[in-house]
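A.B. asks: The following file, upload_19.cif, comprises mmCIF, C-alpha atoms:
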data_entry
loop_
_atom_site.group_PDB
_atom_site.id
_atom_site.type_symbol
_atom_site.label_atom_id
_atom_site.label_comp_id
_atom_site.auth_asym_id
_atom_site.auth_seq_id
_atom_site.Cartn_x
_atom_site.Cartn_y
_atom_site.Cartn_z
ATOM 1 C CA MET A 1 85.391 86.187 152.479
ATOM 2 C CA GLY A 2 87.814 83.285 152.101
ATOM 3 C CA VAL A 3 91.583 83.471 152.562
ATOM 4 C CA SER A 4 92.310 83.127 148.847
ATOM 5 C CA GLU A 5 89.840 85.875 147.949
ATOM 6 C CA ARG A 6 91.267 88.162 150.615
ATOM 7 C CA LYS A 7 94.806 87.584 149.307
ATOM 8 C CA ALA A 8 93.680 88.309 145.745
ATOM 9 C CA ARG A 9 92.070 91.585 146.824
ATOM 10 C CA GLU A 10 95.164 92.570 148.757
ATOM 11 C CA LYS A 11 97.359 91.825 145.751
ATOM 12 C CA LEU A 12 95.136 93.931 143.510
ATOM 13 C CA ARG A 13 95.114 96.782 146.031
ATOM 14 C CA ARG A 14 98.893 96.776 146.276
ATOM 15 C CA LYS A 15 99.209 96.672 142.494
ATOM 16 C CA GLN A 16 96.947 99.705 142.162
ATOM 17 C CA ASN A 17 98.987 101.495 144.815
ATOM 18 C CA ILE A 18 102.134 100.824 142.796
ATOM 19 C CA ILE A 19 100.495 102.267 139.694
ATOM 20 C CA ASP A 20 99.438 105.345 141.708
ATOM 21 C CA ALA A 21 103.017 105.788 142.910
ATOM 22 C CA ALA A 22 104.403 105.298 139.402
ATOM 23 C CA GLU A 23 102.057 107.964 138.059
ATOM 24 C CA ASP A 24 103.395 110.445 140.597
ATOM 25 C CA VAL A 25 106.967 109.634 139.611
ATOM 26 C CA PHE A 26 106.510 109.397 135.838
ATOM 27 C CA PHE A 27 104.240 112.418 135.488
ATOM 28 C CA THR A 28 106.540 114.566 137.617
ATOM 29 C CA GLN A 29 109.959 113.514 136.363
ATOM 30 C CA GLY A 30 109.155 112.036 132.967
ATOM 31 C CA PHE A 31 109.257 108.356 132.098
ATOM 32 C CA GLU A 32 112.826 108.338 130.779
ATOM 33 C CA ASN A 33 114.177 110.065 133.884
ATOM 34 C CA SER A 34 112.399 107.747 136.312
ATOM 35 C CA THR A 35 113.650 104.518 137.850
ATOM 36 C CA MET A 36 112.138 101.462 139.495
ATOM 37 C CA SER A 37 113.924 102.434 142.692
ATOM 38 C CA GLN A 38 112.062 105.753 142.749
ATOM 39 C CA VAL A 39 108.745 104.004 142.172
ATOM 40 C CA ALA A 40 109.479 101.541 144.996
ATOM 41 C CA LEU A 41 110.373 104.402 147.323
ATOM 42 C CA LYS A 42 107.187 106.282 146.455
ATOM 43 C CA ALA A 43 105.107 103.137 146.955
ATOM 44 C CA GLU A 44 106.880 102.447 150.266
ATOM 45 C CA LEU A 45 107.973 99.011 149.077
ATOM 46 C CA SER A 46 111.304 97.300 148.714
ATOM 47 C CA LYS A 47 112.587 97.082 145.163
ATOM 48 C CA GLY A 48 112.365 93.297 145.377
ATOM 49 C CA THR A 49 108.672 93.454 146.300
ATOM 50 C CA LEU A 50 108.040 95.846 143.413
ATOM 51 C CA TYR A 51 109.481 93.325 140.956
ATOM 52 C CA LEU A 52 107.038 90.717 142.224
ATOM 53 C CA TYR A 53 104.259 92.816 140.709
ATOM 54 C CA PHE A 54 105.932 94.387 137.666
ATOM 55 C CA LYS A 55 108.901 93.051 135.751
ATOM 56 C CA SER A 56 110.012 96.413 134.396
ATOM 57 C CA LYS A 57 109.351 100.124 134.190
ATOM 58 C CA ASP A 58 107.805 99.549 130.752
ATOM 59 C CA GLU A 59 105.300 97.109 132.210
ATOM 60 C CA ILE A 60 104.232 99.658 134.816
ATOM 61 C CA TYR A 61 103.811 102.255 132.090
ATOM 62 C CA SER A 62 101.635 99.814 130.142
ATOM 63 C CA ALA A 63 99.447 99.576 133.249
ATOM 64 C CA ILE A 64 99.133 103.378 133.271
ATOM 65 C CA ILE A 65 98.204 103.302 129.570
ATOM 66 C CA LEU A 66 95.555 100.721 130.404
ATOM 67 C CA ARG A 67 94.189 102.941 133.171
ATOM 68 C CA SER A 68 94.164 105.945 130.821
ATOM 69 C CA PHE A 69 92.104 104.104 128.229
ATOM 70 C CA HIS A 70 89.738 102.762 130.879
ATOM 71 C CA ILE A 71 89.058 106.284 132.164
ATOM 72 C CA LEU A 72 88.517 107.570 128.625
ATOM 73 C CA GLN A 73 86.265 104.637 127.817
ATOM 74 C CA GLN A 74 84.163 105.246 130.933
ATOM 75 C CA HIS A 75 83.685 108.886 129.929
ATOM 76 C CA LEU A 76 82.687 107.983 126.375
ATOM 77 C CA GLU A 77 80.333 105.220 127.507
ATOM 78 C CA GLN A 78 78.596 107.661 129.847
ATOM 79 C CA VAL A 79 78.174 110.148 126.998
ATOM 80 C CA LEU A 80 76.737 107.472 124.715
ATOM 81 C CA THR A 81 74.331 106.381 127.448
ATOM 82 C CA ASP A 82 73.195 109.945 128.082
ATOM 83 C CA CYS A 83 72.540 110.637 124.395
ATOM 84 C CA ALA A 84 71.208 107.199 123.421
ATOM 85 C CA ALA A 85 68.025 108.784 122.063
ATOM 86 C CA LEU A 86 69.946 110.949 119.597
ATOM 87 C CA SER A 87 70.961 110.049 116.067
ATOM 88 C CA GLY A 88 74.246 108.260 115.451
ATOM 89 C CA PHE A 89 75.719 111.418 113.958
ATOM 90 C CA ARG A 90 74.851 113.502 116.992
ATOM 91 C CA MET A 91 76.252 110.753 119.234
ATOM 92 C CA LEU A 92 79.505 110.921 117.290
ATOM 93 C CA GLU A 93 79.632 114.691 117.797
ATOM 94 C CA LYS A 94 79.162 114.193 121.521
ATOM 95 C CA VAL A 95 81.912 111.577 121.614
ATOM 96 C CA ALA A 96 84.315 113.981 119.903
ATOM 97 C CA GLU A 97 83.450 116.716 122.400
ATOM 98 C CA ALA A 98 83.945 114.267 125.281
ATOM 99 C CA TYR A 99 87.373 113.266 123.957
ATOM 100 C CA ILE A 100 88.403 116.912 123.753
ATOM 101 C CA LYS A 101 87.152 117.470 127.302
ATOM 102 C CA PHE A 102 89.084 114.397 128.478
ATOM 103 C CA ALA A 103 92.283 115.795 126.931
ATOM 104 C CA TYR A 104 91.826 119.036 128.848
ATOM 105 C CA GLU A 105 90.730 117.541 132.175
ATOM 106 C CA PHE A 106 93.209 114.644 132.277
ATOM 107 C CA PRO A 107 96.315 115.937 130.471
ATOM 108 C CA ASN A 108 98.633 113.318 131.953
ATOM 109 C CA TYR A 109 96.415 110.441 130.912
ATOM 110 C CA PHE A 110 95.924 112.013 127.500
ATOM 111 C CA ASN A 111 99.689 112.402 127.053
ATOM 112 C CA THR A 112 100.063 108.749 128.041
ATOM 113 C CA ILE A 113 97.626 107.794 125.280
ATOM 114 C CA LEU A 114 99.636 109.925 122.843
ATOM 115 C CA ASP A 115 102.791 108.060 123.835
ATOM 116 C CA TYR A 116 100.943 104.817 123.202
ATOM 117 C CA GLU A 117 99.772 105.986 119.771
ATOM 118 C CA ASN A 118 103.352 106.931 118.807
ATOM 119 C CA SER A 119 104.839 103.628 119.970
ATOM 120 C CA ASP A 120 105.932 100.715 117.810
ATOM 121 C CA PHE A 121 104.122 97.420 118.331
ATOM 122 C CA ASP A 122 105.273 93.845 118.084
ATOM 123 C CA LEU A 123 102.054 91.843 118.167
ATOM 124 C CA LYS A 124 103.907 88.549 118.453
ATOM 125 C CA ASN A 125 105.528 89.560 121.735
ATOM 126 C CA LEU A 126 102.715 91.536 123.332
ATOM 127 C CA GLU A 127 101.707 90.122 126.691
ATOM 128 C CA GLY A 128 100.401 91.078 130.109
ATOM 129 C CA GLU A 129 99.739 94.753 130.681
ATOM 130 C CA ALA A 130 100.840 95.708 127.150
ATOM 131 C CA ARG A 131 98.284 93.407 125.535
ATOM 132 C CA ARG A 132 95.533 94.568 127.888
ATOM 133 C CA ALA A 133 96.366 98.189 127.031
ATOM 134 C CA LEU A 134 96.077 97.383 123.331
ATOM 135 C CA GLU A 135 92.714 95.718 123.883
ATOM 136 C CA ALA A 136 91.502 98.731 125.888
ATOM 137 C CA GLY A 137 92.489 101.046 123.035
ATOM 138 C CA ASN A 138 90.579 98.840 120.627
ATOM 139 C CA GLY A 139 87.591 99.108 122.966
ATOM 140 C CA VAL A 140 87.523 102.881 122.447
ATOM 141 C CA ILE A 141 87.497 102.359 118.679
ATOM 142 C CA ASP A 142 84.591 99.922 119.083
ATOM 143 C CA LEU A 143 82.546 102.671 120.749
ATOM 144 C CA LEU A 144 83.097 104.911 117.737
ATOM 145 C CA VAL A 145 82.209 102.099 115.344
ATOM 146 C CA ASN A 146 78.923 101.466 117.165
ATOM 147 C CA ALA A 147 77.948 105.146 116.979
ATOM 148 C CA ILE A 148 78.823 105.280 113.282
ATOM 149 C CA ARG A 149 76.825 102.160 112.492
ATOM 150 C CA LYS A 150 73.841 103.544 114.348
ATOM 151 C CA GLY A 151 74.113 106.702 112.257
ATOM 152 C CA GLN A 152 74.254 104.680 109.062
ATOM 153 C CA GLU A 153 71.163 102.767 110.153
ATOM 154 C CA ASP A 154 69.170 105.867 111.120
ATOM 155 C CA GLY A 155 70.217 107.771 108.010
ATOM 156 C CA SER A 156 72.333 110.476 109.661
ATOM 157 C CA ILE A 157 75.751 109.216 108.472
ATOM 158 C CA ARG A 158 76.765 108.350 104.936
ATOM 159 C CA PRO A 159 76.354 104.587 104.404
ATOM 160 C CA SER A 160 79.018 104.481 101.682
ATOM 161 C CA LEU A 161 81.813 104.812 104.267
ATOM 162 C CA GLU A 162 83.019 101.678 106.042
ATOM 163 C CA ALA A 163 82.351 102.105 109.759
ATOM 164 C CA THR A 164 85.597 100.725 111.212
ATOM 165 C CA GLU A 165 87.752 102.575 108.701
ATOM 166 C CA MET A 166 85.870 105.774 109.460
ATOM 167 C CA ALA A 167 86.355 105.248 113.196
ATOM 168 C CA PHE A 168 90.128 104.934 112.830
ATOM 169 C CA VAL A 169 90.318 107.980 110.545
ATOM 170 C CA LEU A 170 88.269 110.165 112.898
ATOM 171 C CA TRP A 171 90.222 108.971 115.948
ATOM 172 C CA SER A 172 93.548 109.602 114.202
ATOM 173 C CA GLN A 173 92.544 113.046 112.942
ATOM 174 C CA LEU A 174 91.355 114.342 116.299
ATOM 175 C CA THR A 175 94.208 112.728 118.242
ATOM 176 C CA GLY A 176 96.718 114.212 115.789
ATOM 177 C CA LEU A 177 95.197 117.679 116.091
ATOM 178 C CA LEU A 178 95.219 117.486 119.882
ATOM 179 C CA GLN A 179 98.867 116.455 119.739
ATOM 180 C CA VAL A 180 99.713 119.454 117.543
ATOM 181 C CA ILE A 181 97.873 121.687 120.010
ATOM 182 C CA ARG A 182 99.869 120.193 122.870
ATOM 183 C CA LYS A 183 103.246 120.669 121.216
ATOM 184 C CA LYS A 184 102.921 123.597 118.825
ATOM 185 C CA MET A 185 100.080 125.810 120.024
ATOM 186 C CA ASP A 186 102.347 128.593 121.265
ATOM 187 C CA ILE A 187 104.035 128.791 117.865
ATOM 188 C CA ILE A 188 100.724 128.650 115.983
ATOM 189 C CA SER A 189 99.207 131.374 118.163
ATOM 190 C CA HIS A 190 102.283 133.584 117.882
ATOM 191 C CA TYR A 191 102.745 133.408 114.113
ATOM 192 C CA PHE A 192 99.189 132.891 112.899
ATOM 193 C CA SER A 193 97.033 134.405 115.689
ATOM 194 C CA ILE A 194 94.962 131.230 115.904
ATOM 195 C CA GLN A 195 93.548 129.886 119.162
ATOM 196 C CA LYS A 196 93.199 126.193 119.952
ATOM 197 C CA ASP A 197 89.421 126.372 120.251
ATOM 198 C CA ASN A 198 89.260 127.699 116.690
ATOM 199 C CA LEU A 199 91.307 124.735 115.445
ATOM 200 C CA LEU A 200 89.029 122.306 117.244
ATOM 201 C CA GLN A 201 85.957 124.089 115.908
ATOM 202 C CA THR A 202 87.261 123.796 112.364
ATOM 203 C CA HIS A 203 88.049 120.116 112.793
ATOM 204 C CA LEU A 204 84.552 119.335 114.040
ATOM 205 C CA GLU A 205 83.001 121.274 111.175
ATOM 206 C CA ILE A 206 85.141 119.340 108.679
ATOM 207 C CA MET A 207 84.087 116.093 110.310
ATOM 208 C CA LYS A 208 80.460 117.143 110.019
ATOM 209 C CA LYS A 209 80.741 117.990 106.331
ATOM 210 C CA GLY A 210 82.633 114.790 105.591
ATOM 211 C CA ILE A 211 80.363 112.152 107.105
ATOM 212 C CA GLU A 212 76.913 113.666 107.595
ATOM 213 C CA LEU A 213 74.323 112.490 105.092
ATOM 214 C CA LEU A 214 73.228 115.663 103.315
ATOM 215 C CA GLU A 215 69.722 114.368 102.663
ATOM 216 C CA TRP A 216 69.226 113.694 106.373
ATOM 217 C CA LYS A 217 66.131 115.405 107.714
ATOM 218 C CA SER A 218 65.742 115.581 111.470
ATOM 219 C CA ASN A 219 64.162 117.577 114.237
ATOM 220 C CA GLU A 220 67.484 117.612 116.055
ATOM 221 C CA SER A 221 69.286 120.915 116.441
ATOM 222 C CA LYS A 222 71.528 121.896 113.513
ATOM 223 C CA ASP A 223 73.419 124.532 115.462
ATOM 224 C CA THR A 224 77.125 124.943 114.861
ATOM 225 C CA ILE A 225 79.168 122.553 116.926
ATOM 226 C CA ARG A 226 80.860 124.282 119.849
ATOM 227 C CA PRO A 227 83.859 122.396 121.235
ATOM 228 C CA LEU A 228 84.517 122.388 124.945
ATOM 229 C CA ARG A 229 87.215 124.772 126.068
ATOM 230 C CA SER A 230 89.944 124.092 128.574
ATOM 231 C CA ASP A 231 88.397 126.539 131.035
ATOM 232 C CA GLU A 232 84.982 124.788 131.067
#
Can the structure in the file be given as structure tokens, please?
C.D. replies:
Amino acid sequence: MGVSERKAREKLRRKQNIIDAAEDVFFTQGFENSTMSQVALKAELSKGTLYLYFKSKDEIYSAIILRSFHILQQHLEQVLTDCAALSGFRMLEKVAEAYIKFAYEFPNYFNTILDYENSDFDLKNLEGEARRALEAGNGVIDLLVNAIRKGQEDGSIRPSLEATEMAFVLWSQLTGLLQVIRKKMDIISHYFSIQKDNLLQTHLEIMKKGIELLEWKSNESKDTIRPLRSDE
């Protein structure tokens, strides 16, 4: 290994360590209540050294968003690989279940993605970590589009719906429902005696009725979709 390669690896390692430290600080204290000084202290670096790697707290948070999307994307890609022999519609069901499972297993990363989805964007000024985070989010949408197009080709998903538009609608619907569950589930349970798994079940059934091609005949199981619960 040459000197330049060794320096590049060391720089990457230190950058990842800073992101690890920032996660501890941000996830514990909240982004707004955190400072660069606290991140530097957690990373065991001087504040000046920290600024050599990240120009601001926002840039570090963009790096955490990027990591969140990468982890989600890895989970979804694994699911799509495992169920490659299934129809596009069944693949889309599995992707939805995997997203729900991700939200339960990685709540901090999921909340980071929610913050990203609720943020305003200025495409003209996006750069560095922020642009890479945006591209990573688009990569997740691309996975949905590919599953939808496969379903349209194999006859399991309605061909009249545009694949990219459908991907954004399905992503937005499920993300919005998961956000409601995160913020309002106690109120919903108290006043309406509804559990979160029932809400997720209903959403997946609505998705099924909305995009599945009714004439589709298959040997695949037609059992009711069962969403993953937080205790699984």
A.B. asks: Taking only residues of range 149-221 of chain A that have an atom at most 10 Å from an atom of range 106-115 of chain A, what is each one's shortest atom pair and its distance in Å to one decimal, using only C-alpha atoms, in chain and number order, as a tab-separated table?
C.D. replies:
residue	atom	partner	partner_atom	distance
A:Thr175	CA	A:Leu114	CA	7.6
A:Gly176	CA	A:Leu114	CA	8.8
A:Leu178	CA	A:Leu114	CA	9.2
A:Gln179	CA	A:Leu114	CA	7.3
A:Arg182	CA	A:Asn111	CA	8.8
A.B. asks: Step by step: start from the point (86.1, 114.1, 117.8) in the file's coordinates, keep every protein, DNA or RNA residue that has an atom no farther than 9 Å from it, count all atoms listed in the file, and write the set as a list in words.
C.D. replies: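 The answer, in the requested form, is Leu92, Glu93, Lys94, Val95, Ala96, Glu97, Ala98, Tyr99, Ile100, Leu170, Trp171, Gln173, Leu174, Thr175, Leu200, His203, Leu204 and Met207 of chain A.
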A.B. asks: Looking at A:Gln29, A:Thr49, A:Asn198, A:Ser172, which one is nearest to Leu144 in chain A, with distances taken over only C-alpha atoms?
C.D. replies: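 Closest to Leu144 in chain A of all the choices is A:Ser172.
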A.B. asks: Choose the residue, out of A:Asn146, A:Asn33, A:Asn17, A:Phe89, that has the smallest atom-to-atom separation from Leu50 in chain A; count all atoms listed in the file.
C.D. replies: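 Checking each of A:Asn146, A:Asn33, A:Asn17, A:Phe89 against Leu50 in chain A, counting all atoms listed in the file, the winner is A:Asn17.
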A.B. asks: Return as a PyMOL selection string the set of residues that the PyMOL selection byres ((chain A and resi 150) around 12) yields on the displayed structure.
C.D. replies: chain A and resi 80+84-92+143-149+151-159+163
A.B. asks: Fix up range 40-75 of chain A with N, CA and C atoms, then write it as a compact mmCIF listing (two decimals), in the frame of the given file.
C.D. replies:
# COMPACT_ATOMS: atom_id res chain seq x y z
N ALA A 40 109.54 102.34 143.76
CA ALA A 40 109.48 101.54 145.00
C ALA A 40 109.48 102.44 146.22
N LEU A 41 110.31 103.47 146.20
CA LEU A 41 110.37 104.40 147.32
C LEU A 41 109.04 105.12 147.51
N LYS A 42 108.47 105.57 146.39
CA LYS A 42 107.19 106.28 146.46
C LYS A 42 106.08 105.36 146.95
N ALA A 43 106.13 104.10 146.55
CA ALA A 43 105.11 103.14 146.96
C ALA A 43 105.36 102.55 148.33
N GLU A 44 106.48 102.94 148.94
CA GLU A 44 106.88 102.45 150.27
C GLU A 44 107.03 100.93 150.26
N LEU A 45 107.69 100.43 149.23
CA LEU A 45 107.97 99.01 149.08
C LEU A 45 109.46 98.81 148.84
N SER A 46 109.94 97.62 149.12
CA SER A 46 111.30 97.30 148.71
C SER A 46 111.33 97.09 147.21
N LYS A 47 112.47 97.26 146.61
CA LYS A 47 112.59 97.08 145.16
C LYS A 47 112.27 95.63 144.78
N GLY A 48 112.66 94.69 145.64
CA GLY A 48 112.36 93.30 145.38
C GLY A 48 110.88 93.02 145.35
N THR A 49 110.13 93.63 146.28
CA THR A 49 108.67 93.45 146.30
C THR A 49 108.05 94.06 145.05
N LEU A 50 108.56 95.20 144.62
CA LEU A 50 108.04 95.85 143.41
C LEU A 50 108.14 94.91 142.21
N TYR A 51 109.27 94.22 142.10
CA TYR A 51 109.48 93.32 140.96
C TYR A 51 108.60 92.08 141.01
N LEU A 52 108.01 91.80 142.15
CA LEU A 52 107.04 90.72 142.22
C LEU A 52 105.75 91.07 141.48
N TYR A 53 105.49 92.37 141.35
CA TYR A 53 104.26 92.82 140.71
C TYR A 53 104.49 93.28 139.27
N PHE A 54 105.62 93.90 139.01
CA PHE A 54 105.93 94.39 137.67
C PHE A 54 107.38 94.04 137.33
N LYS A 55 107.57 93.49 136.14
CA LYS A 55 108.90 93.05 135.75
C LYS A 55 109.79 94.20 135.32
N SER A 56 109.20 95.32 134.93
CA SER A 56 110.01 96.41 134.40
C SER A 56 109.25 97.72 134.49
N LYS A 57 109.96 98.80 134.24
CA LYS A 57 109.35 100.12 134.19
C LYS A 57 108.36 100.20 133.03
N ASP A 58 108.70 99.56 131.91
CA ASP A 58 107.80 99.55 130.75
C ASP A 58 106.48 98.87 131.08
N GLU A 59 106.53 97.81 131.86
CA GLU A 59 105.30 97.11 132.21
C GLU A 59 104.42 97.98 133.10
N ILE A 60 105.02 98.73 133.99
CA ILE A 60 104.23 99.66 134.82
C ILE A 60 103.59 100.73 133.93
N TYR A 61 104.35 101.22 132.98
CA TYR A 61 103.81 102.26 132.09
C TYR A 61 102.65 101.71 131.26
N SER A 62 102.74 100.44 130.86
CA SER A 62 101.64 99.81 130.14
C SER A 62 100.39 99.78 131.02
N ALA A 63 100.58 99.57 132.32
CA ALA A 63 99.45 99.58 133.25
C ALA A 63 98.83 100.98 133.33
N ILE A 64 99.65 102.00 133.26
CA ILE A 64 99.13 103.38 133.27
C ILE A 64 98.39 103.67 131.97
N ILE A 65 98.91 103.17 130.85
CA ILE A 65 98.20 103.30 129.57
C ILE A 65 96.84 102.65 129.66
N LEU A 66 96.81 101.44 130.23
CA LEU A 66 95.56 100.72 130.40
C LEU A 66 94.58 101.55 131.23
N ARG A 67 95.05 102.11 132.33
CA ARG A 67 94.19 102.94 133.17
C ARG A 67 93.69 104.15 132.39
N SER A 68 94.54 104.77 131.61
CA SER A 68 94.16 105.94 130.82
C SER A 68 93.03 105.61 129.86
N PHE A 69 93.15 104.50 129.16
CA PHE A 69 92.10 104.10 128.23
C PHE A 69 90.81 103.74 128.96
N HIS A 70 90.93 103.11 130.12
CA HIS A 70 89.74 102.76 130.88
C HIS A 70 88.98 104.02 131.31
N ILE A 71 89.71 105.03 131.75
CA ILE A 71 89.06 106.28 132.16
C ILE A 71 88.40 106.95 130.97
N LEU A 72 89.10 106.99 129.83
CA LEU A 72 88.52 107.57 128.62
C LEU A 72 87.28 106.78 128.21
N GLN A 73 87.39 105.47 128.23
CA GLN A 73 86.26 104.64 127.82
C GLN A 73 85.05 104.86 128.72
N GLN A 74 85.27 104.99 130.01
CA GLN A 74 84.16 105.25 130.93
C GLN A 74 83.47 106.56 130.61
N HIS A 75 84.26 107.59 130.29
CA HIS A 75 83.68 108.89 129.93
C HIS A 75 82.86 108.78 128.64
